[in-house]
Amino acid sequence: MCGIVGYIGEKNSNEVIFNGLTRLEYRGYDSAGIGVQDNGIQQVKTAGKVADLIKACQLENFPQSQVGIGHTRWATHGVPNNLNAHPHKDNSGKFTLVHNGIIENYLSIRKLLSKNGIECKSETDTEVLVQLIGYIYNKENISFEEAVRSALVEVIGAYGIVVLCSDEPNKMVAAKKGSPLVLGVGENEFIIASDTSPIINYTRKIIYLDDGEILICDKNNFAVKNIDENIEVSKTINEIKYSLDQIEKSGYDHFMLKEIHEQPTSIAESMRGRIIKNDGKIKLGGLQDHLHDILNTKRIIITACGTSWHAGLIGSYVIEELVRMPVNVEYASEFRYRETVVGPDTVIFAISQSGETADTLAAIKKAKSLGALTVGIVNTVGSSIARETDCGVYIHAGPEIGVASTKAFTSQVTVLNLIAILMAQVKDQNIKEVSHLINDLELLPQKVNEILTNTDEIQEVAKHFIDAENFLYLGRGYQFPVALEGALKLKEISYIHAEGYPAAEMKHGPIALIDENMPVVFIVTKKGYEKILSNIKEVTSRGGKVIIITSFDRDELYEISKFVIKVPEIHQCILPILTTIPLQILAYNIAKNKGCNVDQPRNLAKSVTVE
Ligand code: M6R
């Protein structure tokens, strides 16, 4: 949460910062701010979006500069107002700072500052850090860099920060621990940001900062040092691999819609080069060296949050079915604090689109410390989770900007299927079934495309239900996680309360909610058809309105409901991909018809880097 950008070079830093913040807005959009060097530090901060900040700067004739920092906030400590917006200045006015993360010991630092006559003005945890830097600098008469480093040694918590100091106007200092920071290395310029999207316009050369590192740069040179030991570390220059149009809306109304429609391609990308044509074997380079350990483990635990957790649940079903190994699925936020039985005989699969989710990252660190092998299933190349895990498989879905995850989910499920197939092939297990699944995987992008080329019916269904206040989503077996995912999509972007349940569990409680105002979405497939048909009847006989998503086209379904959405048939292990897509489109259209901000739903942020 929170996006930060810093620029030092020869361009107008305002432009680089505004463009960068606009791209980073998916990380938080409660308030925004900019600070630049111009005969001292000048800054403007506004509650609201980056567009409001840009307007405010135009009104104030905000000065142009070649050194500046900017921030877009997802509020943790302190309401989203101008005062709590970043950048924060120290009381001497010499330092300004933007921060992503949480300073956990901010209260004790605030007390220490107060004892020394320094009072904070905002309610944020961040302000104490810049005040501490100012305090140390003025008291100890040390350099800008040293003051930042000394202050960071006192800090407990997570941070990605960029700091400016008016006494050294041609320098920028940044540091990272637990929140992402990437340095773009340009010609006579550097851009530091929370991810690569603000950088790609200017350079493709990037350096990932690691935890515990501090960066010092002017427009021509940079150095990265270890915060604790103050020793310079050498860094590898990487290259941004995606193209600019992948992070632009390209004519779509919303990123979410674009990403839904990208799924035939993103799924194909997830499989590209991984199914060997002549023998149908699966090749996953990132797992090669660890396959033996994975297959000989006693226990697999899949851990993740949100939508990635739903994908993990499907993955657990596929692995248990094809490989016959026990798999547990745990919310990372629970796993990290629970007394779990984890050791060297456990393998952890951690799934994350962003690769930055704090709970998932902490779960991985815990598992590693207990001796488990950790495997990342990640979208964002070079992200913290990708680097923290022992090995892994990128899902290659391409950048996902919409806060509601869509194409990452279908690619996660695709990759989990590839992993399960590979494991089954090496174990020589269920080979006939596996080869049937491989054939169907190859047909998958085409079948996804079939759903996406005709969405009129789903749009019609959406129109009927924009005033609903609650929704139930029910599915059995592989379709239960789909029910959870459908419900999550709807509540995230339309603010309609929605619950996902195993269809058979309905009679153990949720059935009490059924009345003529309760739409119930059933995901109906061939497997368990009769059983789910009975569940549908239980709802209709109580006046509930039923929407059916089905791969098993039966006349009686049309007699029960006028809202039947058909998807193509495919192997049951990947059928969740096809049944989820109409639910994404349904949620999107309901939210859009209600006038909700689809790409930036209230209170949410794309990557959740706090607990
Ligand atoms: O980046 P991650 O996959 O680790 O994110 C996990 C969740 O925060 C994420 O899936 C969230 O639930 C999405 N907003 C769902 O659409």
# chains A, B, ... in the order shown; residues from 1 in each chain; ligands from 1

$ closest_atom_pairs --of "chain A" --to "ligand 1" --cutoff "9 Å" --atoms "only C-alpha atoms and all ligand atoms" --output "JSON lines"
{"residue": "A:Ala304", "atom": "CA", "partner": "ligand 1", "partner_atom_place_in_ligand_line": "4 (O)", "distance": 6.3}
{"residue": "A:Cys305", "atom": "CA", "partner": "ligand 1", "partner_atom_place_in_ligand_line": "6 (C)", "distance": 4.5}
{"residue": "A:Gly306", "atom": "CA", "partner": "ligand 1", "partner_atom_place_in_ligand_line": "12 (O)", "distance": 3.3}
{"residue": "A:Thr307", "atom": "CA", "partner": "ligand 1", "partner_atom_place_in_ligand_line": "10 (O)", "distance": 3.7}
{"residue": "A:Ser308", "atom": "CA", "partner": "ligand 1", "partner_atom_place_in_ligand_line": "3 (O)", "distance": 4.8}
{"residue": "A:Trp309", "atom": "CA", "partner": "ligand 1", "partner_atom_place_in_ligand_line": "10 (O)", "distance": 7.3}
{"residue": "A:His310", "atom": "CA", "partner": "ligand 1", "partner_atom_place_in_ligand_line": "10 (O)", "distance": 8.4}
{"residue": "A:Ala350", "atom": "CA", "partner": "ligand 1", "partner_atom_place_in_ligand_line": "4 (O)", "distance": 8.8}
{"residue": "A:Ile351", "atom": "CA", "partner": "ligand 1", "partner_atom_place_in_ligand_line": "3 (O)", "distance": 6.5}
{"residue": "A:Ser352", "atom": "CA", "partner": "ligand 1", "partner_atom_place_in_ligand_line": "3 (O)", "distance": 3.5}
{"residue": "A:Gln353", "atom": "CA", "partner": "ligand 1", "partner_atom_place_in_ligand_line": "3 (O)", "distance": 3.6}
{"residue": "A:Ser354", "atom": "CA", "partner": "ligand 1", "partner_atom_place_in_ligand_line": "1 (O)", "distance": 3.6}
{"residue": "A:Gly355", "atom": "CA", "partner": "ligand 1", "partner_atom_place_in_ligand_line": "1 (O)", "distance": 5.6}
{"residue": "A:Glu356", "atom": "CA", "partner": "ligand 1", "partner_atom_place_in_ligand_line": "1 (O)", "distance": 6.3}
{"residue": "A:Thr357", "atom": "CA", "partner": "ligand 1", "partner_atom_place_in_ligand_line": "4 (O)", "distance": 4.5}
{"residue": "A:Ala358", "atom": "CA", "partner": "ligand 1", "partner_atom_place_in_ligand_line": "4 (O)", "distance": 8.1}
{"residue": "A:Asp359", "atom": "CA", "partner": "ligand 1", "partner_atom_place_in_ligand_line": "4 (O)", "distance": 8.3}
{"residue": "A:Thr360", "atom": "CA", "partner": "ligand 1", "partner_atom_place_in_ligand_line": "4 (O)", "distance": 6.7}
{"residue": "A:Leu361", "atom": "CA", "partner": "ligand 1", "partner_atom_place_in_ligand_line": "4 (O)", "distance": 8.7}
{"residue": "A:Val378", "atom": "CA", "partner": "ligand 1", "partner_atom_place_in_ligand_line": "3 (O)", "distance": 7.8}
{"residue": "A:Asn379", "atom": "CA", "partner": "ligand 1", "partner_atom_place_in_ligand_line": "3 (O)", "distance": 8.2}
{"residue": "A:Thr380", "atom": "CA", "partner": "ligand 1", "partner_atom_place_in_ligand_line": "1 (O)", "distance": 8.7}
{"residue": "A:Ile385", "atom": "CA", "partner": "ligand 1", "partner_atom_place_in_ligand_line": "4 (O)", "distance": 8.9}
{"residue": "A:Gly402", "atom": "CA", "partner": "ligand 1", "partner_atom_place_in_ligand_line": "16 (O)", "distance": 8.3}
{"residue": "A:Val403", "atom": "CA", "partner": "ligand 1", "partner_atom_place_in_ligand_line": "14 (N)", "distance": 5.2}
{"residue": "A:Ala404", "atom": "CA", "partner": "ligand 1", "partner_atom_place_in_ligand_line": "16 (O)", "distance": 3.4}
{"residue": "A:Ser405", "atom": "CA", "partner": "ligand 1", "partner_atom_place_in_ligand_line": "16 (O)", "distance": 3.8}
{"residue": "A:Thr406", "atom": "CA", "partner": "ligand 1", "partner_atom_place_in_ligand_line": "16 (O)", "distance": 6.9}
{"residue": "A:Ala408", "atom": "CA", "partner": "ligand 1", "partner_atom_place_in_ligand_line": "3 (O)", "distance": 7.8}
{"residue": "A:Phe409", "atom": "CA", "partner": "ligand 1", "partner_atom_place_in_ligand_line": "10 (O)", "distance": 8.1}
{"residue": "A:Glu485", "atom": "CA", "partner": "ligand 1", "partner_atom_place_in_ligand_line": "16 (O)", "distance": 8.2}
{"residue": "A:Leu488", "atom": "CA", "partner": "ligand 1", "partner_atom_place_in_ligand_line": "16 (O)", "distance": 6.9}
{"residue": "A:Lys489", "atom": "CA", "partner": "ligand 1", "partner_atom_place_in_ligand_line": "16 (O)", "distance": 6.0}
{"residue": "A:Glu492", "atom": "CA", "partner": "ligand 1", "partner_atom_place_in_ligand_line": "16 (O)", "distance": 7.0}
{"residue": "A:Ile493", "atom": "CA", "partner": "ligand 1", "partner_atom_place_in_ligand_line": "16 (O)", "distance": 8.8}
{"residue": "A:Leu604", "atom": "CA", "partner": "ligand 1", "partner_atom_place_in_ligand_line": "14 (N)", "distance": 7.2}
{"residue": "A:Ala605", "atom": "CA", "partner": "ligand 1", "partner_atom_place_in_ligand_line": "14 (N)", "distance": 7.1}
{"residue": "A:Lys606", "atom": "CA", "partner": "ligand 1", "partner_atom_place_in_ligand_line": "14 (N)", "distance": 5.8}
{"residue": "A:Ser607", "atom": "CA", "partner": "ligand 1", "partner_atom_place_in_ligand_line": "1 (O)", "distance": 5.3}
{"residue": "A:Val608", "atom": "CA", "partner": "ligand 1", "partner_atom_place_in_ligand_line": "8 (O)", "distance": 5.6}
{"residue": "A:Thr609", "atom": "CA", "partner": "ligand 1", "partner_atom_place_in_ligand_line": "8 (O)", "distance": 8.9}

$ residues_around --residues "Gly543 in chain A" --least-positions-apart "2" --cutoff "6 Å" --atoms "only C-alpha atoms" --output "number ranges by chain"
A: 515-516, 540-541

$ write_last_selection --atoms "N, CA and C atoms" --output "PDB file, in the first residue's frame"
ATOM      1  N   ASP A 515     -34.831 -15.479   0.582  1.00  0.00           N
ATOM      2  CA  ASP A 515     -36.182 -14.969   0.347  1.00  0.00           C
ATOM      3  C   ASP A 515     -36.186 -14.384  -1.061  1.00  0.00           C
ATOM      4  N   GLU A 516     -37.272 -13.712  -1.427  1.00  0.00           N
ATOM      5  CA  GLU A 516     -37.391 -13.249  -2.822  1.00  0.00           C
ATOM      6  C   GLU A 516     -36.382 -12.143  -3.167  1.00  0.00           C
ATOM      7  N   THR A 540     -35.215 -22.194  -4.880  1.00  0.00           N
ATOM      8  CA  THR A 540     -36.384 -21.686  -5.624  1.00  0.00           C
ATOM      9  C   THR A 540     -37.674 -21.924  -4.837  1.00  0.00           C
ATOM     10  N   SER A 541     -37.734 -23.046  -4.105  1.00  0.00           N
ATOM     11  CA  SER A 541     -38.972 -23.306  -3.368  1.00  0.00           C
ATOM     12  C   SER A 541     -39.148 -22.318  -2.201  1.00  0.00           C
TER      13      SER A 541
END

$ closest_residue --among "A:Glu10, A:Glu123, A:Glu262, A:Glu140" --to "Asp218 in chain A" --atoms "only C-alpha atoms"
A:Glu10

$ atom_distance --atom1 "CA of Leu373 in chain A" --atom2 "CA of Val341 in chain A"
13.8 Å

$ select_by_dssp --residues "range 151-225 of chain A" --states "strand (DSSP E)" --output "PyMOL selection string"
chain A and resi 157-165+172-177+182-186+189-193+205-208+213-217+222-225

$ select_by_dssp --residues "range 103-230 of chain A" --states "helix (DSSP H, G or I)" --output "VMD selection string"
chain A and resid 106 to 115 126 to 140 144 to 153

$ write_last_selection --atoms "N, CA, C and O atoms" --output "short mmCIF file (atom, residue, chain, number, x, y, z; two decimals), in the first residue's frame"
data_model
loop_
_atom_site.label_atom_id
_atom_site.label_comp_id
_atom_site.auth_asym_id
_atom_site.auth_seq_id
_atom_site.Cartn_x
_atom_site.Cartn_y
_atom_site.Cartn_z
N TYR A 106 6.56 3.82 16.56
CA TYR A 106 6.45 5.27 16.37
C TYR A 106 6.07 5.99 17.66
O TYR A 106 6.47 7.14 17.87
N LEU A 107 5.34 5.29 18.54
CA LEU A 107 4.93 5.98 19.78
C LEU A 107 6.14 6.27 20.66
O LEU A 107 6.27 7.36 21.22
N SER A 108 7.05 5.29 20.77
CA SER A 108 8.22 5.54 21.63
C SER A 108 9.14 6.58 21.00
O SER A 108 9.72 7.42 21.70
N ILE A 109 9.24 6.59 19.67
CA ILE A 109 10.06 7.63 19.02
C ILE A 109 9.41 9.01 19.22
O ILE A 109 10.08 10.01 19.50
N ARG A 110 8.09 9.03 19.11
CA ARG A 110 7.36 10.30 19.29
C ARG A 110 7.62 10.86 20.69
O ARG A 110 7.84 12.06 20.87
N LYS A 111 7.63 9.95 21.69
CA LYS A 111 7.89 10.38 23.08
C LYS A 111 9.29 10.96 23.20
O LYS A 111 9.51 12.00 23.81
N LEU A 112 10.25 10.24 22.63
CA LEU A 112 11.65 10.70 22.69
C LEU A 112 11.79 12.07 22.06
O LEU A 112 12.44 12.97 22.61
N LEU A 113 11.13 12.24 20.91
CA LEU A 113 11.21 13.54 20.22
C LEU A 113 10.59 14.63 21.10
O LEU A 113 11.14 15.72 21.25
N SER A 114 9.44 14.28 21.69
CA SER A 114 8.72 15.25 22.50
C SER A 114 9.57 15.71 23.69
O SER A 114 9.62 16.89 24.03
N LYS A 115 10.25 14.72 24.30
CA LYS A 115 11.14 15.05 25.43
C LYS A 115 12.21 16.05 25.00
O LYS A 115 12.74 16.82 25.80
N THR A 126 4.60 7.91 10.08
CA THR A 126 5.70 8.33 9.21
C THR A 126 6.43 9.58 9.72
O THR A 126 7.65 9.67 9.65
N GLU A 127 5.65 10.54 10.22
CA GLU A 127 6.26 11.82 10.57
C GLU A 127 7.38 11.65 11.59
O GLU A 127 8.38 12.37 11.56
N VAL A 128 7.24 10.67 12.50
CA VAL A 128 8.28 10.52 13.52
C VAL A 128 9.64 10.22 12.89
O VAL A 128 10.68 10.62 13.41
N LEU A 129 9.60 9.52 11.75
CA LEU A 129 10.88 9.16 11.13
C LEU A 129 11.59 10.40 10.58
O LEU A 129 12.79 10.59 10.81
N VAL A 130 10.85 11.26 9.90
CA VAL A 130 11.52 12.45 9.35
C VAL A 130 11.95 13.38 10.48
O VAL A 130 13.01 14.02 10.43
N GLN A 131 11.12 13.44 11.55
CA GLN A 131 11.52 14.27 12.69
C GLN A 131 12.78 13.71 13.35
O GLN A 131 13.67 14.46 13.76
N LEU A 132 12.85 12.39 13.42
CA LEU A 132 14.03 11.76 14.03
C LEU A 132 15.29 12.04 13.19
O LEU A 132 16.36 12.34 13.73
N ILE A 133 15.11 11.97 11.87
CA ILE A 133 16.25 12.27 10.98
C ILE A 133 16.73 13.71 11.24
O ILE A 133 17.92 13.97 11.43
N GLY A 134 15.76 14.64 11.28
CA GLY A 134 16.10 16.05 11.52
C GLY A 134 16.77 16.25 12.87
O GLY A 134 17.76 16.99 13.00
N TYR A 135 16.23 15.57 13.87
CA TYR A 135 16.76 15.70 15.23
C TYR A 135 18.22 15.22 15.28
O TYR A 135 19.11 15.92 15.79
N ILE A 136 18.46 14.04 14.72
CA ILE A 136 19.81 13.47 14.75
C ILE A 136 20.78 14.36 13.96
O ILE A 136 21.90 14.64 14.38
N TYR A 137 20.32 14.84 12.80
CA TYR A 137 21.16 15.68 11.93
C TYR A 137 21.59 16.96 12.64
O TYR A 137 22.76 17.33 12.65
N ASN A 138 20.60 17.60 13.26
CA ASN A 138 20.92 18.89 13.90
C ASN A 138 21.75 18.69 15.16
O ASN A 138 22.60 19.50 15.50
N LYS A 139 21.51 17.57 15.85
CA LYS A 139 22.22 17.35 17.11
C LYS A 139 23.66 16.87 16.87
O LYS A 139 24.59 17.31 17.54
N GLU A 140 23.81 16.00 15.90
CA GLU A 140 25.13 15.35 15.76
C GLU A 140 26.00 15.94 14.67
O GLU A 140 27.12 15.49 14.45
N PHE A 144 23.66 14.27 5.56
CA PHE A 144 22.30 13.86 5.22
C PHE A 144 22.21 12.33 5.26
O PHE A 144 21.38 11.73 5.96
N GLU A 145 23.12 11.69 4.51
CA GLU A 145 23.11 10.22 4.42
C GLU A 145 23.25 9.58 5.80
O GLU A 145 22.51 8.65 6.15
N GLU A 146 24.18 10.09 6.59
CA GLU A 146 24.43 9.52 7.92
C GLU A 146 23.22 9.68 8.83
O GLU A 146 22.88 8.80 9.63
N ALA A 147 22.56 10.86 8.71
CA ALA A 147 21.40 11.11 9.57
C ALA A 147 20.29 10.11 9.24
O ALA A 147 19.63 9.57 10.13
N VAL A 148 20.07 9.85 7.95
CA VAL A 148 19.01 8.89 7.57
C VAL A 148 19.39 7.50 8.09
O VAL A 148 18.58 6.79 8.69
N ARG A 149 20.62 7.13 7.86
CA ARG A 149 21.07 5.80 8.29
C ARG A 149 20.94 5.65 9.81
O ARG A 149 20.41 4.65 10.30
N SER A 150 21.39 6.65 10.55
CA SER A 150 21.33 6.56 12.01
C SER A 150 19.89 6.46 12.49
O SER A 150 19.59 5.72 13.42
N ALA A 151 18.99 7.21 11.87
CA ALA A 151 17.58 7.15 12.28
C ALA A 151 17.01 5.77 11.99
O ALA A 151 16.26 5.21 12.81
N LEU A 152 17.36 5.21 10.85
CA LEU A 152 16.79 3.91 10.47
C LEU A 152 17.21 2.79 11.42
O LEU A 152 16.46 1.82 11.63
N VAL A 153 18.39 2.93 11.99
CA VAL A 153 18.85 1.92 12.94
C VAL A 153 17.90 1.86 14.15
O VAL A 153 17.74 0.82 14.78
#

$ residues_around --residues "Gly160 in chain A" --least-positions-apart "3" --cutoff "12 Å" --atoms "only C-alpha atoms" --output "number ranges by chain"
A: 1-6, 71, 97-103, 126, 129, 152, 157, 163, 173-183, 192-195, 208-215, 609

$ atom_distance --atom1 "CA of Ile247 in chain A" --atom2 "CA of Thr203 in chain A"
15.1 Å

$ residues_around --residues "range 291-301 of chain A" --least-positions-apart "5" --cutoff "7 Å" --atoms "only C-alpha atoms" --output "PyMOL selection string"
chain A and resi 326-329+345-349+423

$ atom_distance --atom1 "CA of Glu505 in chain A" --atom2 "CA of Met518 in chain A"
16.7 Å

$ residues_around --residues "Ala503 in chain A" --least-positions-apart "6" --cutoff "8 Å" --atoms "only C-alpha atoms" --output "PDB file with C-alpha atoms, in the first residue's frame"
ATOM      1  CA  LEU A 474     -22.780 -21.694  -4.220  1.00  0.00           C
ATOM      2  CA  GLY A 475     -20.707 -24.436  -5.806  1.00  0.00           C
ATOM      3  CA  ARG A 476     -19.537 -27.964  -5.112  1.00  0.00           C
ATOM      4  CA  PHE A 480     -16.649 -24.140  -4.302  1.00  0.00           C
ATOM      5  CA  PHE A 522     -25.135 -21.523  -8.598  1.00  0.00           C
ATOM      6  CA  ILE A 532     -26.628 -29.302  -6.927  1.00  0.00           C
ATOM      7  CA  ASN A 535     -29.798 -27.387  -3.783  1.00  0.00           C
TER       8      ASN A 535
END

$ residues_around --residues "Phe471 in chain A" --least-positions-apart "2" --cutoff "7 Å" --atoms "only C-alpha atoms" --output "VMD selection string"
chain A and resid 473 497 to 499 518 to 520

$ write_last_selection --atoms "all heavy atoms" --output "short mmCIF file (atom, residue, chain, number, x, y, z; two decimals), in the first residue's frame"
data_model
loop_
_atom_site.label_atom_id
_atom_site.label_comp_id
_atom_site.auth_asym_id
_atom_site.auth_seq_id
_atom_site.Cartn_x
_atom_site.Cartn_y
_atom_site.Cartn_z
N TYR A 473 -23.24 -17.18 -3.36
CA TYR A 473 -22.61 -17.92 -4.45
C TYR A 473 -22.39 -19.35 -3.96
O TYR A 473 -21.76 -19.53 -2.90
CB TYR A 473 -21.25 -17.31 -4.81
CG TYR A 473 -21.33 -16.01 -5.57
CD1 TYR A 473 -21.78 -14.84 -4.95
CD2 TYR A 473 -20.95 -15.94 -6.90
CE1 TYR A 473 -21.85 -13.64 -5.66
CE2 TYR A 473 -21.01 -14.75 -7.61
CZ TYR A 473 -21.46 -13.60 -6.99
OH TYR A 473 -21.52 -12.42 -7.68
N HIS A 497 -22.99 -6.97 -0.36
CA HIS A 497 -22.55 -8.06 0.49
C HIS A 497 -22.75 -9.39 -0.21
O HIS A 497 -23.84 -9.67 -0.72
CB HIS A 497 -23.33 -8.04 1.82
CG HIS A 497 -23.07 -9.26 2.63
ND1 HIS A 497 -24.05 -10.16 2.93
CD2 HIS A 497 -21.92 -9.74 3.15
CE1 HIS A 497 -23.52 -11.15 3.63
NE2 HIS A 497 -22.23 -10.91 3.78
N ALA A 498 -21.72 -10.20 -0.27
CA ALA A 498 -21.82 -11.49 -0.96
C ALA A 498 -21.06 -12.55 -0.19
O ALA A 498 -19.99 -12.28 0.37
CB ALA A 498 -21.26 -11.36 -2.38
N GLU A 499 -21.61 -13.75 -0.17
CA GLU A 499 -20.97 -14.88 0.54
C GLU A 499 -20.80 -16.04 -0.43
O GLU A 499 -21.73 -16.34 -1.19
CB GLU A 499 -21.87 -15.40 1.66
CG GLU A 499 -22.23 -14.41 2.71
CD GLU A 499 -21.23 -14.38 3.84
OE1 GLU A 499 -20.27 -15.19 3.82
OE2 GLU A 499 -21.41 -13.55 4.73
N MET A 518 -33.16 -12.39 -2.36
CA MET A 518 -31.79 -12.92 -2.29
C MET A 518 -31.40 -13.63 -3.59
O MET A 518 -31.81 -14.75 -3.84
CB MET A 518 -31.69 -13.91 -1.12
CG MET A 518 -30.36 -14.65 -1.07
SD MET A 518 -28.99 -13.54 -0.74
CE MET A 518 -28.89 -13.75 1.03
N PRO A 519 -30.59 -12.99 -4.45
CA PRO A 519 -30.09 -13.71 -5.62
C PRO A 519 -29.05 -14.75 -5.21
O PRO A 519 -28.17 -14.46 -4.39
CB PRO A 519 -29.44 -12.62 -6.47
CG PRO A 519 -29.63 -11.34 -5.76
CD PRO A 519 -30.09 -11.63 -4.37
N VAL A 520 -29.18 -15.94 -5.77
CA VAL A 520 -28.21 -16.99 -5.47
C VAL A 520 -27.58 -17.45 -6.79
O VAL A 520 -28.28 -17.85 -7.72
CB VAL A 520 -28.89 -18.20 -4.78
CG1 VAL A 520 -27.84 -19.23 -4.36
CG2 VAL A 520 -29.69 -17.74 -3.57
#

$ residues_around --residues "Glu457 in chain A" --least-positions-apart "4" --cutoff "9 Å" --atoms "only C-alpha atoms" --output "list in words"
Val461, Ala462, Phe563, Val564 and Ile565 of chain A

$ write_last_selection --atoms "C-alpha atoms" --output "compact mmCIF listing (two decimals), in the first residue's frame"
# COMPACT_ATOMS: atom_id res chain seq x y z
CA VAL A 461 -28.21 -10.44 -15.93
CA ALA A 462 -26.13 -7.70 -14.29
CA PHE A 563 -30.68 -16.39 -15.96
CA VAL A 564 -28.59 -19.25 -17.32
CA ILE A 565 -25.06 -18.52 -18.52

$ closest_residue --among "A:Val482, A:Ala504, A:Leu284, A:Leu452" --to "Leu416 in chain A" --atoms "only C-alpha atoms"
A:Leu284

$ closest_residue --among "A:Asn105, A:Asn91, A:Ser197, A:Asn81" --to "Ile17 in chain A" --atoms "only C-alpha atoms"
A:Ser197
